[in-house]
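Working notes, beginning with the structure itself.
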Amino acid sequence: MSPAPFPYKLVATDLDGTLLRGDDTVSERTREALAAATAAGAAHIVVTGRAVPWTRHVLDDLGYKGIAVCGQGAQVYDAGAHRLLTSVTLDRQLAGLALSKIEAEIGPLALAASRDGVDGEVLFGPGYQVQEGLPAIHLDDTAAVWTAPLNKLYIQHPGLDDDTLVKVAREMAGNLVGIVMAGPGIVEILPLGLTKATGLSLAARRLGVKAAETIAFGDMPNDIPMFGWAAHGVAMANAHAELKAVADEVTTSNDEDGIAVVLERLLGAA
């Protein structure tokens, strides 16, 4: 009796806390498991909240030449050609209104913004804590944030934790913009209705792959729509409780090769 084929045509992986280990590298074991899955006929797509400028170097290091979904679904990026295939921008007037409604409820927020484009800078204003190692430009006056097209805003509050900030922001402005938590200290304001599932469905269509043929890996609440779209959602052991609650299974952590553990099992059955 011949073994069953690899059960998925698309492997979608989040980046931070999922594909990347704590030191921002991808283990050799995970690289080999992904290579074996693609050799078995599955495409691999990175689906990340990072915009293209914060993703490019990781993809280049992986030797990744395919399509990636960046900017929380806003950007579909051809990594081989280093060009954007699609890009969705945030309505700056709506974003400004949303920001004012949130601040009217909880006081001033620290603000950062991701400008559109392959070379779009991330700008951050007073009080905003940028993740170490990621390039960003400091602004003394946040008025400059609004002068060019944006993919998203980042907000931080001096006294509220991420979960509380998301809850309040959605209550105050959830009818104007999308609000998600993408990682520790990373709460984002996005175009209303935009999710990772939006970008992943566009990328999958380009590849001729369906949701029913997709397995997805993630670790944060912003991965929930992607899990809802894919046939099978796998949360990392280090994942947020909200994602674990909707996952089809929970694997080991990103530092313990959680993606490889699942792919090796599936490849072993194939």
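Labels used: A, B, ... for chains in the order of the structure tokens, numbers from 1 for residues in each chain, and numbers from 1 for ligands as shown.
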Ala35 (chain A) surroundings by only C-alpha atoms, 12 Å radius, close-in-sequence under 6 positions cut, as a PyMOL selection string: chain A and resi 11+28-29+41-44+62-64+260+263-264+267
With N, CA and C atoms retained, could you export that selection as a tab-separated table (two decimals), in the first residue's frame?
```
chain	number	residue	atom	x	y	z
A	11	VAL	N	1.57	25.85	2.90
A	11	VAL	CA	1.98	25.98	4.30
A	11	VAL	C	2.17	27.47	4.56
A	28	GLU	N	17.87	25.14	11.44
A	28	GLU	CA	18.15	24.25	10.30
A	28	GLU	C	17.08	23.18	10.19
A	29	ARG	N	16.61	22.69	11.32
A	29	ARG	CA	15.56	21.66	11.31
A	29	ARG	C	14.29	22.18	10.63
A	41	GLY	N	5.38	19.02	-2.81
A	41	GLY	CA	4.36	19.68	-3.62
A	41	GLY	C	3.63	20.84	-2.99
A	42	ALA	N	4.00	21.19	-1.76
A	42	ALA	CA	3.34	22.31	-1.08
A	42	ALA	C	4.12	23.59	-1.27
A	43	ALA	N	3.42	24.70	-1.45
A	43	ALA	CA	4.07	26.01	-1.46
A	43	ALA	C	4.18	26.51	-0.02
A	44	HIS	N	5.20	27.32	0.25
A	44	HIS	CA	5.34	27.95	1.57
A	44	HIS	C	5.17	29.45	1.41
A	62	LEU	N	16.58	33.49	4.07
A	62	LEU	CA	16.01	32.15	3.86
A	62	LEU	C	16.20	31.66	2.43
A	63	GLY	N	16.58	32.57	1.54
A	63	GLY	CA	16.61	32.22	0.13
A	63	GLY	C	15.20	32.09	-0.43
A	64	TYR	N	14.28	32.79	0.18
A	64	TYR	CA	12.86	32.72	-0.14
A	64	TYR	C	12.58	33.54	-1.40
A	260	ALA	N	8.46	22.48	12.47
A	260	ALA	CA	9.09	21.25	12.00
A	260	ALA	C	8.43	20.02	12.62
A	263	LEU	N	5.25	19.42	10.59
A	263	LEU	CA	5.52	19.04	9.19
A	263	LEU	C	6.18	17.67	9.10
A	264	GLU	N	7.09	17.37	10.01
A	264	GLU	CA	7.74	16.05	10.01
A	264	GLU	C	6.72	14.95	10.22
A	267	LEU	N	4.79	14.66	6.99
A	267	LEU	CA	5.64	14.08	5.96
A	267	LEU	C	5.88	12.59	6.21
```
Give one line per residue of region 124-212 of chain A that approaches region 238-251 of chain A to at most 10 Å, naming the two atoms of the closest pair and their distance in Å to one decimal, counting only C-alpha atoms; sort by chain then ascending residue number and deliver it as a tab-separated table.
```
residue	atom	partner	partner_atom	distance
A:Met181	CA	A:His240	CA	9.9
A:Gly183	CA	A:His240	CA	9.0
A:Pro184	CA	A:His240	CA	9.9
```
Selection: 6 Å around region 171-174 of chain A, only C-alpha atoms, excl. self and same-chain fewer than 5 positions, as number ranges by chain: A: 98, 101-102
Strand (DSSP E) positions in region 14-249 of chain A, given as an MDAnalysis selection string: chainID A and resid 43:46 67:70 75:78 83:87 110:115 122:124 137:138 150:156 177:183 186:191 214:218 232:235 249
Saved selection, atoms kept: C-alpha atoms, as a compact mmCIF listing (two decimals), in the first residue's frame:
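The resulting file, out.txt, is shown below:
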```
# COMPACT_ATOMS: atom_id res chain seq x y z
CA ALA A 43 4.07 26.01 -1.46
CA HIS A 44 5.34 27.95 1.57
CA ILE A 45 4.06 31.46 2.22
CA VAL A 46 5.24 33.76 4.98
CA ILE A 67 5.10 35.35 -2.54
CA ALA A 68 4.88 36.73 0.99
CA VAL A 69 1.96 38.42 2.71
CA CYS A 70 3.19 41.42 4.72
CA GLN A 75 0.89 43.84 1.07
CA VAL A 76 1.36 40.89 -1.26
CA TYR A 77 5.07 40.86 -2.06
CA ASP A 78 7.05 39.01 -4.71
CA ARG A 83 8.32 44.15 -5.78
CA LEU A 84 4.82 44.70 -4.43
CA LEU A 85 1.99 42.91 -6.22
CA THR A 86 -0.79 44.53 -4.20
CA SER A 87 -0.87 47.12 -1.42
CA ALA A 110 2.60 56.88 21.90
CA LEU A 111 2.45 56.58 18.12
CA ALA A 112 4.38 54.99 15.27
CA ALA A 113 3.49 54.51 11.61
CA SER A 114 4.49 52.29 8.71
CA ARG A 115 4.69 54.12 5.38
CA VAL A 122 8.67 53.19 10.03
CA LEU A 123 8.38 56.47 11.91
CA PHE A 124 7.98 56.65 15.69
CA ILE A 137 13.15 56.84 12.26
CA HIS A 138 12.51 58.91 15.38
CA LEU A 150 0.47 54.58 5.40
CA ASN A 151 -0.18 50.85 5.79
CA LYS A 152 -0.80 51.04 9.52
CA LEU A 153 -0.36 52.89 12.80
CA TYR A 154 1.13 51.43 15.97
CA ILE A 155 -0.13 52.58 19.36
CA GLN A 156 1.15 52.14 22.92
CA VAL A 177 -10.63 50.93 11.68
CA GLY A 178 -9.31 47.46 12.42
CA ILE A 179 -7.38 47.03 15.68
CA VAL A 180 -5.20 44.00 16.40
CA MET A 181 -2.47 42.82 18.74
CA ALA A 182 0.43 41.47 16.70
CA GLY A 183 2.94 40.83 19.49
CA ILE A 186 2.51 45.84 19.25
CA VAL A 187 -1.08 47.07 18.90
CA GLU A 188 -1.95 48.17 15.38
CA ILE A 189 -4.56 50.32 13.65
CA LEU A 190 -5.39 48.99 10.17
CA PRO A 191 -7.87 49.60 7.36
CA THR A 214 -3.89 25.16 3.54
CA ILE A 215 -2.24 24.60 6.93
CA ALA A 216 -1.37 27.75 8.92
CA PHE A 217 0.97 28.36 11.86
CA GLY A 218 0.85 31.36 14.22
CA HIS A 232 -5.98 23.59 9.76
CA GLY A 233 -4.58 26.11 12.25
CA VAL A 234 -1.58 25.27 14.43
CA ALA A 235 -0.74 27.48 17.41
CA GLU A 249 -3.81 21.87 17.49
```
Considering only C-alpha atoms, return as a PDB file with all heavy atoms, in the first residue's frame whatever protein or nucleic-acid residues lie within 9 Å of Arg56 (chain A), sequence-local ones (same chain, fewer than 3 positions apart) excluded.
```
ATOM      1  N   ALA A  51       5.676  44.955   7.823  1.00  0.00           N
ATOM      2  CA  ALA A  51       5.645  45.470   6.457  1.00  0.00           C
ATOM      3  C   ALA A  51       6.886  44.972   5.709  1.00  0.00           C
ATOM      4  O   ALA A  51       7.826  44.452   6.305  1.00  0.00           O
ATOM      5  CB  ALA A  51       5.606  46.996   6.464  1.00  0.00           C
ATOM      6  N   VAL A  52       6.881  45.144   4.389  1.00  0.00           N
ATOM      7  CA  VAL A  52       7.954  44.610   3.549  1.00  0.00           C
ATOM      8  C   VAL A  52       9.353  45.033   4.009  1.00  0.00           C
ATOM      9  O   VAL A  52      10.258  44.190   4.089  1.00  0.00           O
ATOM     10  CB  VAL A  52       7.721  44.974   2.069  1.00  0.00           C
ATOM     11  CG1 VAL A  52       8.944  44.655   1.218  1.00  0.00           C
ATOM     12  CG2 VAL A  52       6.508  44.230   1.522  1.00  0.00           C
ATOM     13  N   PRO A  53       9.605  46.309   4.317  1.00  0.00           N
ATOM     14  CA  PRO A  53      10.971  46.688   4.698  1.00  0.00           C
ATOM     15  C   PRO A  53      11.493  45.951   5.934  1.00  0.00           C
ATOM     16  O   PRO A  53      12.703  45.779   6.079  1.00  0.00           O
ATOM     17  CB  PRO A  53      10.855  48.195   4.970  1.00  0.00           C
ATOM     18  CG  PRO A  53       9.696  48.635   4.145  1.00  0.00           C
ATOM     19  CD  PRO A  53       8.722  47.498   4.217  1.00  0.00           C
ATOM     20  N   LEU A  59      13.504  37.157   4.520  1.00  0.00           N
ATOM     21  CA  LEU A  59      13.218  36.336   3.342  1.00  0.00           C
ATOM     22  C   LEU A  59      14.477  36.109   2.519  1.00  0.00           C
ATOM     23  O   LEU A  59      14.712  35.000   2.022  1.00  0.00           O
ATOM     24  CB  LEU A  59      12.133  37.006   2.489  1.00  0.00           C
ATOM     25  CG  LEU A  59      10.801  37.292   3.185  1.00  0.00           C
ATOM     26  CD1 LEU A  59       9.812  37.915   2.200  1.00  0.00           C
ATOM     27  CD2 LEU A  59      10.211  36.024   3.792  1.00  0.00           C
ATOM     28  N   ASP A  60      15.286  37.154   2.380  1.00  0.00           N
ATOM     29  CA  ASP A  60      16.536  37.019   1.621  1.00  0.00           C
ATOM     30  C   ASP A  60      17.467  36.013   2.296  1.00  0.00           C
ATOM     31  O   ASP A  60      18.109  35.194   1.628  1.00  0.00           O
ATOM     32  CB  ASP A  60      17.237  38.375   1.484  1.00  0.00           C
ATOM     33  CG  ASP A  60      16.502  39.329   0.559  1.00  0.00           C
ATOM     34  OD1 ASP A  60      15.624  38.863  -0.204  1.00  0.00           O
ATOM     35  OD2 ASP A  60      16.786  40.544   0.607  1.00  0.00           O
ATOM     36  N   ASP A  61      17.514  36.040   3.630  1.00  0.00           N
ATOM     37  CA  ASP A  61      18.363  35.109   4.371  1.00  0.00           C
ATOM     38  C   ASP A  61      17.892  33.662   4.186  1.00  0.00           C
ATOM     39  O   ASP A  61      18.703  32.735   4.134  1.00  0.00           O
ATOM     40  CB  ASP A  61      18.360  35.471   5.855  1.00  0.00           C
ATOM     41  CG  ASP A  61      19.190  34.503   6.692  1.00  0.00           C
ATOM     42  OD1 ASP A  61      20.401  34.425   6.454  1.00  0.00           O
ATOM     43  OD2 ASP A  61      18.620  33.818   7.563  1.00  0.00           O
ATOM     44  N   ALA A  79       8.918  38.143  -3.402  1.00  0.00           N
ATOM     45  CA  ALA A  79      10.249  38.219  -2.798  1.00  0.00           C
ATOM     46  C   ALA A  79      11.358  38.000  -3.824  1.00  0.00           C
ATOM     47  O   ALA A  79      12.444  38.560  -3.688  1.00  0.00           O
ATOM     48  CB  ALA A  79      10.365  37.193  -1.675  1.00  0.00           C
ATOM     49  N   HIS A  82      11.489  41.292  -5.696  1.00  0.00           N
ATOM     50  CA  HIS A  82      11.567  42.443  -4.790  1.00  0.00           C
ATOM     51  C   HIS A  82      10.588  43.535  -5.207  1.00  0.00           C
ATOM     52  O   HIS A  82      10.954  44.716  -5.329  1.00  0.00           O
ATOM     53  CB  HIS A  82      12.999  43.006  -4.723  1.00  0.00           C
ATOM     54  CG  HIS A  82      13.958  42.082  -4.069  1.00  0.00           C
ATOM     55  ND1 HIS A  82      14.789  41.245  -4.776  1.00  0.00           N
ATOM     56  CD2 HIS A  82      14.225  41.839  -2.752  1.00  0.00           C
ATOM     57  CE1 HIS A  82      15.534  40.538  -3.932  1.00  0.00           C
ATOM     58  NE2 HIS A  82      15.212  40.873  -2.700  1.00  0.00           N
ATOM     59  N   VAL A 118       7.814  49.383  -0.851  1.00  0.00           N
ATOM     60  CA  VAL A 118       8.891  48.433  -0.597  1.00  0.00           C
ATOM     61  C   VAL A 118       9.955  49.040   0.305  1.00  0.00           C
ATOM     62  O   VAL A 118      10.588  48.344   1.098  1.00  0.00           O
ATOM     63  CB  VAL A 118       9.505  47.962  -1.939  1.00  0.00           C
ATOM     64  CG1 VAL A 118      10.763  47.138  -1.708  1.00  0.00           C
ATOM     65  CG2 VAL A 118       8.494  47.147  -2.727  1.00  0.00           C
TER      66      VAL A 118
END
```
